[in-house]
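File shown: protein00.txt (compact mmCIF, C-alpha atoms and all ligand atoms).
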# COMPACT_ATOMS: atom_id res chain seq x y z
CA MET A 1 0.00 0.00 0.00
CA HIS A 2 1.31 3.50 -0.88
CA GLU A 3 1.75 5.81 2.10
CA ASP A 4 -0.99 8.22 0.93
CA ASP A 5 -3.52 5.43 1.10
CA VAL A 6 -2.50 5.33 4.75
CA TYR A 7 -2.76 9.09 5.37
CA PHE A 8 -6.02 9.57 3.45
CA ASP A 9 -7.59 6.30 4.59
CA GLU A 10 -11.25 5.62 5.35
CA ARG A 11 -11.08 7.38 8.74
CA VAL A 12 -9.60 10.58 7.29
CA ALA A 13 -11.80 10.48 4.16
CA ALA A 14 -14.96 10.21 6.28
CA ARG A 15 -14.10 13.44 8.11
CA TYR A 16 -12.23 15.29 5.34
CA ASP A 17 -14.96 17.70 4.19
CA GLU A 18 -15.88 18.58 7.76
CA SER A 19 -12.30 19.03 8.97
CA ALA A 20 -11.45 21.23 5.96
CA ALA A 21 -14.81 23.03 6.09
CA GLU A 22 -13.37 26.53 5.64
CA MET A 23 -11.75 25.39 2.37
CA PHE A 24 -15.19 24.34 1.08
CA ASP A 25 -16.62 27.83 1.72
CA SER A 26 -17.97 29.25 -1.54
CA ALA A 27 -15.94 32.43 -0.93
CA VAL A 28 -12.80 30.29 -1.15
CA VAL A 29 -13.89 27.88 -3.89
CA ASP A 30 -15.44 30.41 -6.27
CA SER A 31 -12.22 32.35 -6.88
CA VAL A 32 -10.36 29.06 -7.57
CA ILE A 33 -13.00 28.02 -10.06
CA ASP A 34 -13.09 31.44 -11.79
CA LEU A 35 -9.36 31.28 -12.50
CA LEU A 36 -9.37 27.61 -13.59
CA VAL A 37 -12.33 28.18 -15.93
CA GLU A 38 -10.38 30.99 -17.56
CA LEU A 39 -7.20 28.91 -17.90
CA ALA A 40 -9.07 25.85 -19.22
CA GLY A 41 -10.73 27.88 -21.99
CA SER A 42 -12.51 25.34 -24.18
CA GLY A 43 -10.18 22.50 -23.09
CA ARG A 44 -10.01 19.89 -20.34
CA ALA A 45 -8.64 20.07 -16.81
CA LEU A 46 -6.57 17.52 -14.89
CA GLU A 47 -6.65 17.61 -11.09
CA LEU A 48 -3.77 15.93 -9.26
CA GLY A 49 -5.00 14.65 -5.89
CA ILE A 50 -8.69 15.18 -6.71
CA GLY A 51 -9.76 14.04 -3.24
CA THR A 52 -13.49 14.31 -2.52
CA GLY A 53 -14.05 16.75 -5.39
CA ARG A 54 -13.95 20.08 -3.55
CA ILE A 55 -12.69 21.81 -6.73
CA ALA A 56 -13.42 19.23 -9.45
CA LEU A 57 -17.18 19.12 -8.91
CA PRO A 58 -17.87 22.88 -9.11
CA LEU A 59 -15.40 23.16 -12.01
CA ALA A 60 -17.26 20.44 -13.92
CA GLN A 61 -20.53 22.21 -13.12
CA ARG A 62 -19.11 25.29 -14.86
CA GLY A 63 -18.73 23.23 -18.05
CA VAL A 64 -15.04 22.23 -17.84
CA PRO A 65 -14.46 18.48 -18.37
CA VAL A 66 -12.33 17.34 -15.41
CA HIS A 67 -10.26 14.19 -14.91
CA GLY A 68 -8.53 13.33 -11.64
CA ILE A 69 -5.56 11.33 -10.43
CA GLU A 70 -5.85 10.10 -6.86
CA LEU A 71 -4.19 7.48 -4.67
CA SER A 72 -6.87 7.13 -2.03
CA LYS A 73 -9.84 4.98 -2.97
CA ALA A 74 -11.55 6.12 0.23
CA MET A 75 -11.39 9.78 -0.90
CA VAL A 76 -12.66 8.84 -4.39
CA ALA A 77 -15.57 6.93 -2.82
CA ARG A 78 -16.62 10.22 -1.14
CA LEU A 79 -16.38 12.02 -4.49
CA ARG A 80 -18.49 9.31 -6.16
CA ALA A 81 -21.20 9.67 -3.52
CA LYS A 82 -21.76 13.36 -4.34
CA PRO A 83 -24.08 14.66 -7.09
CA GLY A 84 -22.13 14.60 -10.38
CA GLY A 85 -19.32 12.56 -8.78
CA GLU A 86 -19.98 9.49 -10.93
CA ASP A 87 -19.42 11.54 -14.08
CA ILE A 88 -15.83 12.52 -13.28
CA GLY A 89 -13.11 10.22 -14.56
CA VAL A 90 -10.51 9.24 -11.97
CA THR A 91 -7.27 7.33 -12.45
CA ILE A 92 -6.18 5.61 -9.24
CA GLY A 93 -2.44 6.12 -8.89
CA ASP A 94 0.43 8.37 -7.86
CA PHE A 95 0.23 11.74 -9.62
CA ALA A 96 4.02 11.84 -9.95
CA THR A 97 3.91 8.87 -12.29
CA ALA A 98 0.35 7.84 -13.25
CA THR A 99 -0.62 8.46 -16.85
CA VAL A 100 -3.95 9.36 -18.42
CA ASP A 101 -4.61 8.75 -22.10
CA ALA A 102 -5.60 12.36 -22.86
CA THR A 103 -4.14 15.86 -23.03
CA PHE A 104 -5.28 18.86 -21.04
CA SER A 105 -5.35 22.66 -21.25
CA VAL A 106 -4.75 23.02 -17.55
CA ALA A 107 -3.48 20.79 -14.75
CA TYR A 108 -3.78 21.89 -11.14
CA LEU A 109 -2.48 20.80 -7.74
CA VAL A 110 -4.04 22.80 -4.91
CA PHE A 111 -4.21 22.96 -1.12
CA ASN A 112 -0.46 22.28 -0.54
CA THR A 113 -0.71 18.83 -2.10
CA ILE A 114 2.65 19.08 -3.97
CA LEU A 115 4.16 18.75 -0.48
CA ASN A 116 2.70 15.24 -0.16
CA LEU A 117 5.52 14.18 -2.47
CA THR A 118 8.23 13.83 0.15
CA THR A 119 11.33 13.77 -2.08
CA GLN A 120 12.76 16.27 -4.56
CA GLU A 121 12.91 13.45 -7.10
CA ALA A 122 9.17 12.81 -6.82
CA GLN A 123 8.33 16.53 -7.05
CA VAL A 124 10.46 16.84 -10.21
CA ALA A 125 8.78 13.71 -11.63
CA CYS A 126 5.41 15.34 -10.98
CA PHE A 127 6.32 18.39 -13.08
CA ARG A 128 7.57 16.13 -15.88
CA ASN A 129 4.40 14.03 -15.69
CA VAL A 130 2.22 17.14 -15.89
CA ALA A 131 4.19 18.54 -18.85
CA ALA A 132 3.64 15.25 -20.71
CA HIS A 133 -0.13 15.62 -20.20
CA LEU A 134 -0.42 19.28 -21.26
CA LYS A 135 -1.24 20.52 -24.72
CA PRO A 136 1.26 23.01 -26.15
CA GLY A 137 0.37 26.36 -24.54
CA GLY A 138 -1.32 24.56 -21.63
CA CYS A 139 -0.50 25.42 -18.04
CA PHE A 140 0.13 23.94 -14.60
CA VAL A 141 -1.23 25.68 -11.49
CA ILE A 142 0.03 25.04 -7.98
CA GLU A 143 -1.35 26.50 -4.73
CA VAL A 144 1.08 26.02 -1.86
CA GLY A 145 2.34 27.74 1.26
CA VAL A 146 5.67 29.51 1.43
CA PRO A 147 7.84 27.56 3.91
CA GLY A 148 7.32 29.17 7.34
CA LEU A 149 11.01 29.34 8.25
CA GLN A 150 10.92 33.11 8.91
CA ARG A 151 8.52 32.38 11.78
CA LEU A 152 10.83 29.75 13.26
CA PRO A 153 13.12 31.11 16.00
CA PRO A 154 16.77 30.00 15.60
CA GLY A 155 17.24 26.45 16.85
CA GLU A 156 13.49 25.74 17.12
CA THR A 157 11.65 23.18 15.01
CA LEU A 158 7.96 23.57 15.94
CA LEU A 159 5.27 26.02 14.80
CA PRO A 160 1.67 25.94 16.05
CA LEU A 161 -1.00 25.34 13.39
CA TYR A 162 -4.13 25.62 15.54
CA VAL A 163 -5.21 25.29 19.16
CA ARG A 164 -8.92 24.48 19.61
CA GLU A 165 -11.12 23.14 22.38
CA ALA A 166 -10.55 19.50 21.47
CA SER A 167 -7.85 19.53 18.81
CA TRP A 168 -4.30 20.80 18.40
CA GLY A 169 -1.93 20.87 15.47
CA PHE A 170 1.68 21.86 14.93
CA ASP A 171 4.26 21.70 12.16
CA GLU A 172 7.69 20.19 12.80
CA TYR A 173 10.48 21.38 10.48
CA ASP A 174 13.71 19.57 9.62
CA VAL A 175 15.73 22.17 7.75
CA ALA A 176 18.52 19.71 6.89
CA THR A 177 16.18 17.64 4.70
CA GLN A 178 13.43 20.18 3.86
CA GLY A 179 11.22 17.85 5.84
CA LEU A 180 7.97 19.01 7.40
CA THR A 181 5.68 16.86 9.51
CA SER A 182 2.22 18.15 10.38
CA HIS A 183 1.03 16.67 13.67
CA HIS A 184 -2.68 16.67 14.48
CA PHE A 185 -4.13 15.59 17.82
CA GLU A 186 -7.85 15.34 18.48
CA ILE A 187 -9.95 14.13 21.39
CA VAL A 188 -12.45 11.58 20.03
CA ASP A 189 -14.73 9.71 22.45
CA GLY A 190 -12.50 10.68 25.36
CA ARG A 191 -9.30 9.39 23.72
CA VAL A 192 -6.56 11.37 21.99
CA GLU A 193 -6.15 10.40 18.33
CA ARG A 194 -2.94 11.34 16.52
CA LEU A 195 -2.27 11.83 12.82
CA SER A 196 1.24 12.87 11.72
CA ILE A 197 1.67 13.49 7.99
CA PRO A 198 5.12 13.85 6.37
CA PHE A 199 5.69 16.53 3.71
CA ARG A 200 8.62 18.05 1.82
CA TYR A 201 8.50 21.84 1.88
CA VAL A 202 9.65 23.58 -1.26
CA TRP A 203 10.50 27.16 -2.20
CA PRO A 204 8.89 29.01 -5.13
CA SER A 205 12.31 29.27 -6.84
CA GLU A 206 12.84 25.52 -6.57
CA LEU A 207 9.43 24.92 -8.14
CA ASP A 208 10.45 27.24 -11.00
CA LEU A 209 13.55 25.11 -11.52
CA MET A 210 11.42 21.94 -11.54
CA ALA A 211 9.21 23.56 -14.17
CA GLN A 212 12.31 24.44 -16.19
CA LEU A 213 13.53 20.82 -15.99
CA ALA A 214 10.14 19.79 -17.36
CA GLY A 215 10.32 22.30 -20.23
CA MET A 216 7.87 24.82 -18.76
CA ARG A 217 8.28 28.44 -17.69
CA LEU A 218 6.67 30.69 -15.11
CA ARG A 219 3.75 32.71 -16.48
CA GLU A 220 2.29 34.18 -13.27
CA ARG A 221 2.80 34.12 -9.51
CA TRP A 222 0.20 35.58 -7.16
CA SER A 223 -0.38 35.29 -3.43
CA GLY A 224 -3.99 34.20 -3.97
CA TRP A 225 -6.61 33.12 -6.48
CA LYS A 226 -7.85 36.68 -7.00
CA ARG A 227 -4.45 37.58 -8.44
CA GLU A 228 -3.28 39.38 -5.30
CA PRO A 229 0.40 40.45 -5.65
CA PHE A 230 3.05 38.03 -4.39
CA THR A 231 5.42 39.84 -2.02
CA SER A 232 8.05 39.11 0.65
CA ASP A 233 5.20 38.94 3.20
CA SER A 234 3.09 36.41 1.29
CA SER A 235 2.46 33.19 3.19
CA LYS A 236 1.32 31.26 0.13
CA HIS A 237 1.41 31.45 -3.64
CA VAL A 238 -0.63 30.49 -6.64
CA SER A 239 1.81 29.90 -9.48
CA VAL A 240 1.13 29.23 -13.15
CA TRP A 241 3.74 27.64 -15.43
CA GLU A 242 3.14 27.16 -19.14
CA LYS A 243 4.26 24.61 -21.66
CA PRO A 244 5.55 26.48 -24.72
CA ALA A 245 3.05 26.71 -27.56
CA VAL A 246 5.51 25.19 -30.06
C1 LIG B 301 -5.25 17.84 1.01
S1 LIG B 301 -6.10 16.68 0.01
C2 LIG B 301 -6.68 17.75 -1.30
C3 LIG B 301 -7.87 17.17 -2.03
C4 LIG B 301 -8.50 18.14 -3.05
N1 LIG B 301 -7.55 18.49 -4.09
C5 LIG B 301 -8.97 19.40 -2.34
O1 LIG B 301 -8.48 20.48 -2.69
O2 LIG B 301 -9.82 19.31 -1.45
C6 LIG B 301 -4.76 15.83 -0.81
C7 LIG B 301 -5.25 14.70 -1.72
O3 LIG B 301 -4.17 14.28 -2.54
C8 LIG B 301 -4.09 12.86 -2.52
N2 LIG B 301 -2.67 12.52 -2.76
C9 LIG B 301 -1.61 12.83 -1.98
N3 LIG B 301 -0.48 12.41 -2.54
C10 LIG B 301 -0.83 11.83 -3.71
C11 LIG B 301 -0.09 11.22 -4.76
N4 LIG B 301 1.24 11.12 -4.70
N5 LIG B 301 -0.76 10.74 -5.83
C12 LIG B 301 -2.13 10.84 -5.90
N6 LIG B 301 -2.88 11.41 -4.93
C13 LIG B 301 -2.24 11.90 -3.86
C14 LIG B 301 -4.59 12.46 -1.16
O4 LIG B 301 -5.03 11.12 -1.14
C15 LIG B 301 -5.70 13.47 -0.95
O5 LIG B 301 -6.93 13.02 -1.49
Let me see the file written as structure tokens.
Amino acid sequence: MHEDDVYFDERVAARYDESAAEMFDSAVVDSVIDLLVELAGSGRALELGIGTGRIALPLAQRGVPVHGIELSKAMVARLRAKPGGEDIGVTIGDFATATVDATFSVAYLVFNTILNLTTQEAQVACFRNVAAHLKPGGCFVIEVGVPGLQRLPPGETLLPLYVREASWGFDEYDVATQGLTSHHFEIVDGRVERLSIPFRYVWPSELDLMAQLAGMRLRERWSGWKREPFTSDSSKHVSVWEKPAV
């Protein structure tokens, strides 16, 4: 079993939409969809890590044919159970390597999911895989946080993510390996449940180099889906790389 089948297993899939509720807010989703509709034009969209369809379903409803790649069958089962979910094609596999017999105008990888690839090699492979699936002139969109190292005091490794009544989360950085583990603790039925997910954090400039290795170049970088400027203070970015038209 691949490790992401472990992290996004039945237990996580069952609670995913609820635990990420603020990301399902229409104020958040609508601006993602507006940009992707524009980038897709009259073509198709490929979502890497389609999950339970937070973005794919409303994008398909706006008339863009969407295909997904996803490792977790439990997440796909949640997508299938939603209205319109049966109509979306999904390839079960690792988005760094899985292939789909089609080409796309836009591929997208949102909600920090590039970081689920925990080696540089796998992240580079992902860019190459996307480039192979794009039409000439097509583009690849990534939404991901800027590594939080400026918030980390010298010598420290931990940053709080959230502190709630019955749940706590913190990020643990390993600067030697660009490793990042997000730890989540939650009280369920009087017992503490723990979920620790490994990531590899990556800088915008390193992503640009990965795009270059895959034959793509940066078209735009914003700090949000409404094309807000990306600055030294930005905590995340939405970046668009394009495959040359010829
Ligand atoms: C944070 S969720 C995001 C889901 C959806 N894109 C969204 O925005 O709600 C990450 C998803 O990516 C999937 N995933 C993580 N690594 C993957 C990989 N290497 N190949 C395919 N799917 C992967 C997980 O199973 C999970 O469904």
Please produce, as CSV, a per-residue contact table for region 3-120 of chain A versus region 196-200 of chain A (criterion: any atom at most 12 Å away, only C-alpha atoms considered), showing the nearest atom pair and its distance in Å to one decimal, sorted by chain then residue number.
residue,atom,partner,partner_atom,distance
A:Glu3,CA,A:Ile197,CA,9.7
A:Asp4,CA,A:Ile197,CA,9.2
A:Asp5,CA,A:Ile197,CA,11.8
A:Val6,CA,A:Ile197,CA,9.7
A:Tyr7,CA,A:Ile197,CA,6.8
A:Phe8,CA,A:Ile197,CA,9.8
A:Val12,CA,A:Ile197,CA,11.7
A:Asn112,CA,A:Phe199,CA,9.4
A:Thr113,CA,A:Phe199,CA,8.9
A:Ile114,CA,A:Arg200,CA,8.4
A:Leu115,CA,A:Phe199,CA,5.0
A:Asn116,CA,A:Phe199,CA,5.1
A:Leu117,CA,A:Arg200,CA,6.6
A:Thr118,CA,A:Arg200,CA,4.6
A:Thr119,CA,A:Arg200,CA,6.4
A:Gln120,CA,A:Arg200,CA,7.8
Counting all atoms listed in the file, which protein, DNA or RNA residues come within 7 Å of ligand LIG 301 (chain B), given as a VMD selection string? chain A and resid 4 to 5 8 48 to 55 69 to 72 75 93 to 96 109 to 113 116 to 117
Serialized selection, C-alpha atoms, as a JSON list (two decimals), keeping the file's coordinate frame:
[["chain", "number", "residue", "atom", "x", "y", "z"],
["A", 4, "ASP", "CA", -0.99, 8.22, 0.93],
["A", 5, "ASP", "CA", -3.52, 5.43, 1.10],
["A", 8, "PHE", "CA", -6.02, 9.57, 3.45],
["A", 48, "LEU", "CA", -3.77, 15.93, -9.26],
["A", 49, "GLY", "CA", -5.00, 14.65, -5.89],
["A", 50, "ILE", "CA", -8.69, 15.18, -6.71],
["A", 51, "GLY", "CA", -9.76, 14.04, -3.24],
["A", 52, "THR", "CA", -13.49, 14.31, -2.52],
["A", 53, "GLY", "CA", -14.05, 16.75, -5.39],
["A", 54, "ARG", "CA", -13.95, 20.08, -3.55],
["A", 55, "ILE", "CA", -12.69, 21.81, -6.73],
["A", 69, "ILE", "CA", -5.56, 11.33, -10.43],
["A", 70, "GLU", "CA", -5.85, 10.10, -6.86],
["A", 71, "LEU", "CA", -4.19, 7.48, -4.67],
["A", 72, "SER", "CA", -6.87, 7.13, -2.03],
["A", 75, "MET", "CA", -11.39, 9.78, -0.90],
["A", 93, "GLY", "CA", -2.44, 6.12, -8.89],
["A", 94, "ASP", "CA", 0.43, 8.37, -7.86],
["A", 95, "PHE", "CA", 0.23, 11.74, -9.62],
["A", 96, "ALA", "CA", 4.02, 11.84, -9.95],
["A", 109, "LEU", "CA", -2.48, 20.80, -7.74],
["A", 110, "VAL", "CA", -4.04, 22.80, -4.91],
["A", 111, "PHE", "CA", -4.21, 22.96, -1.12],
["A", 112, "ASN", "CA", -0.46, 22.28, -0.54],
["A", 113, "THR", "CA", -0.71, 18.83, -2.10],
["A", 116, "ASN", "CA", 2.70, 15.24, -0.16],
["A", 117, "LEU", "CA", 5.52, 14.18, -2.47]]
Self-check item: Residue with smallest distance to Phe127 (chain A) - pool A:Val146, A:Ala14, A:Met210, A:Leu159, counting only C-alpha atoms
Solution: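 That would be A:Met210, the residue with the smallest distance to Phe127 (chain A).
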Report as JSON lines the residues of region 125-169 of chain A within 9 Å of region 216-228 of chain A, each with its shortest atom pair and distance in Å (one decimal), using only C-alpha atoms, ordered by chain and increasing residue number.
{"residue": "A:Phe127", "atom": "CA", "partner": "A:Met216", "partner_atom": "CA", "distance": 8.7}
{"residue": "A:Ala131", "atom": "CA", "partner": "A:Met216", "partner_atom": "CA", "distance": 7.3}
{"residue": "A:Cys139", "atom": "CA", "partner": "A:Met216", "partner_atom": "CA", "distance": 8.4}
{"residue": "A:Phe140", "atom": "CA", "partner": "A:Met216", "partner_atom": "CA", "distance": 8.8}
{"residue": "A:Glu143", "atom": "CA", "partner": "A:Gly224", "partner_atom": "CA", "distance": 8.2}
Can you work out which one of A:Val64, A:Leu213, A:Cys126, A:Leu161 has the shortest atom-to-atom distance to Ala98 (chain A), counting only C-alpha atoms?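 The closest residue to Ala98 (chain A) is A:Cys126.
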Item checked: For Gly68 (chain A): contacts at 8 Å, all atoms listed in the file, fewer than 5 positions along chain excluded, given as a ChimeraX atom specification -> /A:46-50,56,88-91
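The shortest atom-to-atom distance to Val192 (chain A), with only C-alpha atoms taken into account, belongs to A:Ala166 out of A:Ala214, A:Val238, A:Ala21, A:Ala166.
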Students should find that CA of Arg164 (chain A) and CA of Leu195 (chain A) are spaced 15.8 Å
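With all atoms listed in the file as the basis for measurement, A:Ala122 is the residue among A:Ser232, A:Val144, A:Ala122, A:Pro83 that approaches Thr97 (chain A) most closely.
Atom to atom, CA of Arg128 (chain A) and CA of Leu59 (chain A) stand 24.3 Å apart.
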**Prompt:** Looking at only C-alpha atoms, which of A:Trp241, A:Tyr108, A:Phe185, A:Phe230 is the one that sits closest to Leu207 (chain A)?
**Reply:**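 Closest candidate: A:Trp241.
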If you take every atom of region 68-82 of chain A that the file lists and fit an axis-aligned box around them with 6 Å extra on each side, what centre and edge lengths come out in Å to one decimal, as JSON?
{"center_x": -13.0, "center_y": 9.2, "center_z": -5.7, "size_x": 29.6, "size_y": 20.4, "size_z": 23.9}
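The residue set within 7 Å of Gly169 (chain A), counting only C-alpha atoms and dropping same-chain residues fewer than 2 places from it, reads Pro160, Leu161, Tyr162, Val163, Ser167, His183, His184 and Phe185 of chain A.
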